[in-house]
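Have a look at the structure below, then the notes.
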Amino acid sequence: MAKPQIALYWAASCGGCEIAALDIGERVLDLIAAADIVFWPAAMDVKYADLEAMPEQSIDVCLFNGAIRTSENEHLAKLLRAKSKIMVAFGSCATEGGIPALANLTTREAIMRNAYQATPTTDNPEGLRPQMEHAVLDGHTLTLPEFHESVRALHQIVRVDYSVPGCAPVGDRVWEAVATILSGDLPAPGSVLGAAQKTVCDECDHKRNEKRIRKFYRPHEIETDPTLCLLEQGVICMGPATRAGCGAACLRVNMPCRGCYGPPPGVVDQGAHILSAVGSIIDSQDPQEIEEIMAGIPDPAGTFYRFSMSNSLLFRVRER
Amino acid sequence: MATDTSVQTQSRAQAAPTEERHATFEPSIVAFLCKWCSGAGADLAGTGRLRYPPNVMPIRVMCSSRVDANFILHALRDGADGVLVAGCHPGDCHYISGNYKTLARYQLLQRLLAQFGIEPERVRLEWISASEGRKFAQVVTEMTETIRRLGPLNWKAQVER
Amino acid sequence: MERIVIDPITRLEGHGKISIFLDDKGEVADAYFQVPELRGFETFCEGRPVEELPRIMTRICGVCPEAHHMASAKAVDAVFHVEPTPTGKQLRELMYSAFFASDHATHFYILAGADFLVGPDAPVAKRNIFGLIDKVGEEIGRRVIRHRMECAEAIALIAGRQVHPVCALPGGVSKPLSEQERDRLEQIARDAVKFGELSLQLFGDLVLTNPAYKDLILSPTYAQQTYYMGTVDEHNQVNFYDGDIRVVDPAGKQFARFRPSEYTDYLAERVEPWTYLKFPYLKGVGWKGFIPGPESGVYQATPLSRLNAADGMATPLAQAAYENMYDTLGGKPVHLTLATHWARLIEMLYAAERMLQLVQDPQITNKDVRVIPSETPDEGVGVVEAPRGTLYHHYQTDSKGIVRKVNLIVGTTNNHAAICMSIKRAAQGLISADKPPTPGVLNMIEMAFRAYDPCLACATHFLPGEMPLDLWVYDAQGKLLYRVTR
Amino acid sequence: MRRIGVFVCWCGANIARTVDVQKVVETMSQHPGVAHAEDYRYLCSEPGQALIRQAIREHRLDGVVVTACTPSLHEATFRRTVSSAGLNPYQCEIANIREQCSWVHEDRRVATDKAIRIIKGMVDKALLNESLQPISVPVVRRALVLGGGIAGIQAALDIANSGFPVTLVEREPTIGGRMAQLSETFPTLDCSQCILTPRMAEVAQHPNIELLTCSQVIEVTGHVGNFHAKILKRPRYVIEDKCNNCGECAKVCPVLVPNEFDRGLSQRTAIYIPFPQAVPSAYVLDPDNCLGLFPLACERCSQACESQAIDYDMHPEVVERDIGAILVATGYDLYPLENLGEYGYGRYPDVIDSLQFERMLSASGPTGGEVLRPSDGKVPKTVVFIQCAGSRDPESHLPYCSKICCMYTAKHALLFKHKGPDRQTYIFYMDIRAAGKGYEEFIQRVTEEDRVCYIRGRVARVFQEGDKLMVWGADTLTGAKVEIAADLVVLAMAMVPNRGAQETARMLRLAVDEFGFFREAHPKLQPVETLTAGVDLAGAAQAPRDISETVAQASGAAAKIVALLSREQLTHEPIIAGVDEDLCSGCGICISVCPYGAREFSADGRTARVVEVLCEGCGACSAACPSGAAQQRNFTDAQILRMVSAAVGE
């Protein structure tokens with residue numbers, strides 16, 4: 001039978017996913033042996049035009065990483081969806097917005113003002129801003145894609161068949177996912193690949209007892225006992241509300257989980273779940289004292305939705 | 001909490017001009033009532049034939065501590081303009097300490113909502129005993145008016161942008 | 001009037017895009033290099049607890065997350081007025097050196113390497129890692145892959161994960177090094193040093209002995225006289241992790257030497273309406289447009305720039321290589337863009353030697369890897385040398401350490417103006433009425449660009465790496481005359 | 001596909017007036033999952049229930065939503081109705097459209113719309129309801145009582161008299177506790193031993209009571225109805241039923257040590273009986289003070305013992321018992337003297353504590369009922385009593401009031417005065433707290449008839465001067481300095497939990513307050529229960545109390561325990577939490593959240609589990625569970641979210 005045709009694409013992301021894809025090591029060669037990569041602008045000589053020319057559904061699998069931030073991201077997402085039989089959201093950004101989606105806590109205008117006017121090194125007396133169309137020389141115009149108000153996950157733009165979470169997905173898990181897809185024996189659409197059913201706690205070897213919090217510590221404020229559950233010691237850890245798969249990598253160096261593998265199965269809003277969990281283990285019954293304890297979590301939104309803002313129920317800051 | 005008050009003052013500031021605009025607006029409010037105190041209080045309001053606005057849709061749970069922040073966010077996302085969580089008075093929880101857990105979660109949730117630009121008045125926690133039918137009616141009436149003043153949350157439209 | 005569009009070229013955040021405009025005579029009228037993406041890190045980091053920034057900023061770039069992790073960590077140290085413990089500092093630099101050794105290797109061998117070791121006009125199918133392996137031999141190919149893997153392992157040992165490390169906290173790192181880990185790291189460092197030497201030797205054998213390549217390197221098409229920036233230690237020797245920033249003028253004379261915290265007195269950024277990426281320049285000289293020379297504030301911060309801006313290397317083998325390069329190329333400073341590849345290999349050797357030095361230091365396994373900050377946080381700047389240029393992180397917080405303002409100047413951004421100029425210059429040198437563009441020519445243009453290893457190229461690093469190029473030629477009416485794809 | 005039946009009650013006009021019942025029925029019959037909808041004037045009436053039963057059969061309904069009044073009125077009724085028609089009772093839901101809709105709104109259109117939303121939500125919930133069976137566990141019909149003081153004795157007797165076996169565990173060689181040490185009891189001045197010892201004897205003889213003295217509970221596992229206790233029984237070295245109390249052994253014993261029962265005011269031998277009426281009525285050999293057992297150093301006692309009751313080869317044994325319910329009555333101690341230097345306690349022999357004074361007052365005590373100065377054995381003329389010694393002193397001692405000191409100090413002064421003429425008594429006090437039947441009158445009597453001199457104020461210092469104890473204090477009423485040359489100073493020491501209370505708390509997973517007293521489940525409504533189901537409290541182990549309160553509480557606790565033991569099975573609402581082990585990673589949050597200790601780590605510690613019989617079904621764990629592994633049966637996230645959507649949806 002013919003080799004499966006694979007496309008890889010990045011949108012608003014850092015490139016880490018593709019590095020991760022390469023962390024499968026020599027197996028990348030197996031991949032290349034097992035499949036024809038028909039579109040990989042990062043790596044290969046194919047153009048948008050060629051992509052547009054491809055017949056619908058002619059690509060077997062598209063691994064799409066990165067969030068949707070610009071009109072170009074959106075256009076390519078739709079184009080690739082049309083050309084691909086299977087669309088895979090690869091990595092946190094494509095799956096749930098990732099770090100770029102923290103921008104949903106601010107506005108396009110604020111971003112522009114900051115980047116092109118406010119920062120101390122910016123020198124822009126004319127108040128220039130990047131333009132979607134700008135005339136150069138005699139009548140020629142340079143174009144830039146539009147910068148959307150909100151950052152969206154891939155599934156919020158097109159239908160997504162599978163997702164591979166993680167920022168960045170761990171090499172071995174990537175290979176698992178790719179192998180599953182290549183095997184042709186595919187799980188139910190909507191499934192998450194390259195991750196487990198349980199949460200990070202399942203892979204974390206810090207010992208757990210009961211949790212009664214009288215004070216929260218920010219990671220730099222405390223010398224934690226490396227053998228004990230960090231949450232128990234008052235350090236916010238997203239592990240309990242985060243899908244296993246990374247092997248509790250951050251915890252192995254005594255750093256708390258920040259939730260990049262997204263919520264476990266059945267959980268839509270990762271932040272709401274960790275919020276309810278954390279709120280339930282406060283060892284105080286006095287509103288004032290509770291307030292003081294909670295002040296130890298200075299940035300609930302940015303902490304609980306560090307990677308999943310686009311998938312959060314509230315999605316973005318409300319403007320009134 | 002600083003963020004809260006800032007949002008608060010903001011919403012108050014806005015209340016005036018928007019008042020007429022929202023005069024006809026009927027807020028939709030979800031009320032999570034615990035079985036033992038606030039639910040019974042709501043029943044008492046009924047037995048006493050008290051009158052309060054129909055904008056509140058009651059949902060009965062065993063204890064206010066069952067109310068996951070997730071439910072509240074879902075309600076707002078699905079179209080509620082406000083959410084009321086009512087439980088037993090501190091010390092009276094049928095399940096010993098459930099309402100204190102509710103309290104702590106609520107305080108954390110308020111700070112989260114503030115970061116998303118949602119006025120604190122939209123999500124309200126009240127202690128209502130089985131004997132406080134009048135208080136229930138009053139809370140519901142107040143809350144309906146407050147939210148009418150704030151105007152629709154209109155979350156869907158926010159998300160589309 | 002014709003327009004050549006090379007799109008997508010490659011990426012930092014999304015795709016870079018090169019447009020070349022020919023005038024009626026078919027000469028290059030102008031060339032534009034656009035970066036069509038923006039993330040807004042400066043803005044959405046506001047409101048975050050500053051100690052989290054080392055874990056957020058890594059997502060600026062998944063290829064050099066270590067650089068952002070380090071610059072951010074140093075900025076946060078400064079914000080909290082805390083000096084990492086000696087061991088904490090060493091562990092950071094050790095991790096960072098491993099990263100440099102890896103990053104430079106992958107760029108040379110897998111991206112740029114093909115241009116030289118295989119040849120700029122070799123058939124497309126050959127000009128990739130496999131072609132490279134054919135040319136230099138299976139053995140070396142394997143060494144390249146193993147070297148990458150070992151460096152990645154070294155990074156993960158200290159930083160938890162290689163893509164997006166997490167180990168840095170204000171005042172040090174999160175975990176001490178165990179003896180077994182140290183032993184493993186020493187092995188890796190030794191291999192890395194051998195590999196560094198081998199690489200320079202290869203460069204000597206395959207490139208410098210080849211007149212064609214040497215001409216290419218020396219050709220004015222690829223020369224660019226600008227200011228040069230790099231971080232130096234107290235002896236004015238190259239340092240990646242810490243030191244003062246030194247700038248030399250096109251004649252090689254020291255123009256400025258400043259502490260990271262003073263960067264705003266020396267640097268400014270220009271905004272152009274046709275790209276999302278800004279153009280840093282030297283305040284003291286000012287922005288005069290996309291022109292080279294001492295009158296223009298345009299500067300470069302590349303491996304070559306770092307060597308130009310320094311008086312030497314802090315490790316013996318690298319120092320020897322350094323002297324050799326300048327002897328061969330006729331003294332400092334060197335303006336030849338393609339010599340950047342050579343400089344990169346020298347830096348790679350330095351990184352490996354530095355790794356070995358650090359891992360052999362008896363105190364590297366001290367348990368005391370962190371101090372807990374006690375001062376009130378306010379403001380701080382953190383600077384490191386990223387492989388692609390000096391990286392500036394600048395944070396302001398409230399008294400609780402919540403971020404108020406962020407300013408970033410990212411490695412590649414330093415070179416943005418220079419990159420545009422190099423592309424234009426190359427285009428002008430290579431395209432003319434009598435020489436309509438061909439795939440070979442396009443690749444030559446691309447080489448000018450690629451020498452900077454712009455982080456826009458990050459994602460292409462490890463792959464059977466061919467940067468996509470597409471040439472469209474329109475007539476004055478904008479009708480497509482012909483198209484060349486390579 | 002589920003087949004839900006919706007039954008809309010008019011409740012006469014109560015609902016029908018404001019809610020358009022017809023419209024509700026029409027709308028609901030269109031609703032997905034609804035197989036049948038109808039309305040009726042009074043569903044709670046017999047014909048109404050019959051109609052539901054019939055509909056269940058006719059339309060093969062597998063779930064029922066009755067839309068009527070509040071569930072607290074008729075949920076039980078309708079659950080019975082559906083189960084009599086063969087449905088699982090938990091497939092019946094009540095939608096409250098009366099108290100929370102028709103009675104509080106006027107506008108018919110609006111009320112009808114709201115009613116429909118409420119009902120839709122309930123139907124959508126019902127669609128996901130599981131059929132549940134009540135949880136039931138057998139009850140082991142034996143009680144365990146920790147502590148053989150008056151509380152333990154009273155409770156043990158009450159339980160035993162109700163026909164249930166009791167294991168009464170006492171650490172000391174005899175039961176009787178503190179009360180046995182007292183002389184008379186306020187306010188009636190009954191002789192303490194006279195009223196106590198008959199009860200002790202009753203315990204000894206009671207067929208349902210297994211008395212284990214010299215014993216300590218060392219481990220308790222299991223849960224309400226099914227505890228398993230391990231009890232360490234230390235050797236007495238005297239065979240109880242052989243010993244006839246002749247006392248020959250003690251006569252020949254060469255060892256003399258301070259007698260703890262007399263609080264060091266007398267001495268005892270190494271083989272001894274704490275006090276004549278001790279129960280069990282047998283001597284005990286104290287191995288720590290005996291010249292030596294291994295190897296045997298001296299055999300005089302066994303040689304002296306005609307009944308050969310002495311057995312040097314006794315060994316500690318562990319007794320194991322299955323237990324249904326536990327009473328904790330471990331009592332109190334006095335505030336340790338080392339904490340209380342300022343009054344010269346421990347420094348001056350004639351500064352003594354209240355229990356020592358009790359022993360002297362006791363006719364059977366070390367001094368045969370006369371008060372004598374420890375220093376010289378003389379009868380003191382002037383005695384100063386200092387109340388709140390350690391109590392109500394948040395700065396340097398304990399903040400709480402020990403409650404009984406006012407009364408017993410008054411009693412002490414009175415009894416002392418009665419022992420002879422020209423005896424002077426002064427009492428330093430902060431307030432007189434005499435709330436109790438006949439208490440105030442008692443104080444009156446002491447102050448007026450017996451002219452005990454009360455001085456309101458704290459004592460600054462006590463120091464020896466010649467053979468007098470100088471007591472300096474201030475009378476805060478007159479502001480005058482007071483200086484008394486006393487022969488004896490008696491400190492009304494604060495009450496603290498008995499030593500070992502903490503260990504007991506840990507063993508039984510009981511909460512204690514900041515001073516180590518056991519915490520009750522609810523201070524008002526569950527004063528004898530603890531948060532650990534099946535474990536109750538009595539006496540001063542919970543807080544300072546006097547005898548009458550202690551006895552009352554003991555009987556109260558006994559009643560709770562009897563109520564529990566009289567059931568074959570413990571049955572339990574099945575609306576409780578469960579764990580999906582495929583999702584649970586054992587983060588432990590639910591375990592920390594559960595107020596009933598109904599959650600614990602599984603054996604391998606990798607997941608959490610629910611002890612069903614302990615779960616009260618509040619759902620706190622389900623809300624707290626960050627992975628969604630914990631779900632409350634028939635109140636799952638999915639079900640509640642459906643109700644939310646129905647409430648706000650278009």
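Order determines the names: the first chain of the structure tokens is A, the second B, and so forth; residues in each chain are numbered 1 upward, and ligands are numbered 1 upward as they are shown.
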Contacts between chain A and chain B, please, where a residue of chain B counts if it comes within 6 Å (with only C-alpha atoms); show its shortest atom pair and distance in Å to one decimal, rows by chain and ascending number, as JSON lines.
```
{"residue": "B:Asp68", "atom": "CA", "partner": "A:Ser276", "partner_atom": "CA", "distance": 5.9}
{"residue": "B:Ala69", "atom": "CA", "partner": "A:Ala272", "partner_atom": "CA", "distance": 5.3}
{"residue": "B:Asn70", "atom": "CA", "partner": "A:Ala272", "partner_atom": "CA", "distance": 5.0}
{"residue": "B:Tyr100", "atom": "CA", "partner": "A:Gln285", "partner_atom": "CA", "distance": 5.7}
{"residue": "B:Lys101", "atom": "CA", "partner": "A:Ser280", "partner_atom": "CA", "distance": 4.9}
{"residue": "B:Ala104", "atom": "CA", "partner": "A:Gly279", "partner_atom": "CA", "distance": 5.2}
{"residue": "B:Arg105", "atom": "CA", "partner": "A:Gly279", "partner_atom": "CA", "distance": 4.2}
{"residue": "B:Leu112", "atom": "CA", "partner": "A:Ala301", "partner_atom": "CA", "distance": 5.5}
{"residue": "B:Phe116", "atom": "CA", "partner": "A:Val317", "partner_atom": "CA", "distance": 4.1}
{"residue": "B:Gly117", "atom": "CA", "partner": "A:Arg318", "partner_atom": "CA", "distance": 5.0}
```
Q: Taking the DSSP assignment computed from this structure's backbone, write out as a ChimeraX atom specification all residues of segment 300-452 of chain C that belong to strand (DSSP E or B).
A: /C:300,312,336,370,379-386,389-397,402-409,432,435
Could those selected residues go to a file with C-alpha atoms, as a short mmCIF file (atom, residue, chain, number, x, y, z; two decimals), in the first residue's frame?
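Result file follows (part_12.cif):
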```cif
data_model
loop_
_atom_site.label_atom_id
_atom_site.label_comp_id
_atom_site.auth_asym_id
_atom_site.auth_seq_id
_atom_site.Cartn_x
_atom_site.Cartn_y
_atom_site.Cartn_z
CA GLN C 300 25.12 43.11 14.37
CA GLY C 312 39.74 36.74 22.77
CA LEU C 336 32.41 38.89 6.03
CA ARG C 370 19.69 28.72 45.83
CA GLU C 379 13.03 46.32 38.48
CA GLY C 380 15.72 44.37 36.73
CA VAL C 381 17.43 43.66 33.44
CA GLY C 382 18.84 40.29 32.46
CA VAL C 383 21.12 39.81 29.49
CA VAL C 384 22.74 36.73 28.01
CA GLU C 385 24.27 35.97 24.66
CA ALA C 386 21.80 33.88 22.72
CA GLY C 389 22.58 37.62 19.35
CA THR C 390 22.51 39.51 22.61
CA LEU C 391 19.23 38.85 24.43
CA TYR C 392 17.73 41.52 26.68
CA HIS C 393 14.93 40.91 29.21
CA HIS C 394 13.80 43.92 31.26
CA TYR C 395 11.08 43.65 33.91
CA GLN C 396 9.38 46.10 36.28
CA THR C 397 7.17 44.84 39.11
CA ILE C 402 3.73 41.25 40.06
CA VAL C 403 4.89 42.31 36.61
CA ARG C 404 4.01 45.86 35.59
CA LYS C 405 6.17 46.33 32.47
CA VAL C 406 8.26 44.12 30.23
CA ASN C 407 10.69 45.00 27.47
CA LEU C 408 12.45 42.47 25.29
CA ILE C 409 15.12 42.68 22.62
CA SER C 432 20.54 41.89 -12.65
CA LYS C 435 21.30 37.52 -14.78
#
```
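Considering the residues D:Ala603, D:Leu583, D:Ala608, D:Val145 and counting only C-alpha atoms, chain A has its shortest atom-to-atom contact with D:Leu583.
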Q) Taking only C-alpha atoms into account, what are the residues of chain B at most 9 Å from chain D, put as a PyMOL selection string? A) chain B and resi 28-30+35+40+42-59+61-72+74-76+78-80+91-92+94-98+101-102+137
Export of prior selection with C-alpha atoms as a compact mmCIF listing (two decimals), in the first residue's frame:
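Output below, filename again-v6.txt:
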```
# COMPACT_ATOMS: atom_id res chain seq x y z
CA SER B 28 -31.07 35.37 34.15
CA ILE B 29 -29.68 34.18 37.47
CA VAL B 30 -28.82 30.65 38.54
CA LYS B 35 -30.91 21.22 50.69
CA ALA B 40 -35.50 25.26 53.07
CA ALA B 42 -36.46 29.41 49.82
CA ASP B 43 -39.32 27.00 50.54
CA LEU B 44 -40.25 29.11 53.54
CA ALA B 45 -40.38 32.19 51.34
CA GLY B 46 -42.92 30.25 49.29
CA THR B 47 -44.94 29.07 52.26
CA GLY B 48 -45.04 32.70 53.40
CA ARG B 49 -46.26 33.67 49.90
CA LEU B 50 -43.50 36.29 49.69
CA ARG B 51 -43.00 37.87 46.27
CA TYR B 52 -39.66 38.01 44.49
CA PRO B 53 -38.57 38.38 40.86
CA PRO B 54 -38.78 35.22 38.75
CA ASN B 55 -35.29 35.79 37.35
CA VAL B 56 -33.72 33.25 39.67
CA MET B 57 -33.62 29.59 38.64
CA PRO B 58 -33.05 27.39 41.69
CA ILE B 59 -30.86 24.30 41.54
CA VAL B 61 -27.68 20.48 45.87
CA MET B 62 -27.07 18.62 49.10
CA CYS B 63 -24.51 21.14 50.35
CA SER B 64 -23.09 24.39 49.06
CA SER B 65 -19.73 22.64 49.14
CA ARG B 66 -20.94 20.57 46.16
CA VAL B 67 -20.89 23.71 44.02
CA ASP B 68 -17.78 23.39 41.88
CA ALA B 69 -16.46 26.67 40.44
CA ASN B 70 -16.90 24.84 37.17
CA PHE B 71 -20.71 24.99 37.56
CA ILE B 72 -20.60 28.73 38.10
CA HIS B 74 -20.58 27.09 32.97
CA ALA B 75 -23.64 29.06 34.01
CA LEU B 76 -22.00 32.37 33.01
CA ASP B 78 -24.15 29.38 28.95
CA GLY B 79 -25.96 32.69 29.33
CA ALA B 80 -26.49 33.45 33.00
CA GLY B 91 -21.20 26.88 62.06
CA ASP B 92 -24.59 25.56 61.00
CA HIS B 94 -25.37 20.15 58.07
CA TYR B 95 -22.10 18.62 56.93
CA ILE B 96 -20.04 20.30 59.66
CA SER B 97 -17.78 22.51 57.55
CA GLY B 98 -19.01 22.40 53.96
CA LYS B 101 -15.03 25.26 51.85
CA THR B 102 -17.62 27.07 49.77
CA ALA B 137 -36.65 36.86 48.92
```
Q.
Please identify the helix (DSSP H, G or I) residues within segment 32-144 of chain A (assignment by DSSP from backbone atoms) and present them as a VMD selection string.
A. chain A and resid 32 to 34 48 to 53 71 to 83 91 to 96 99 to 105 108 to 118
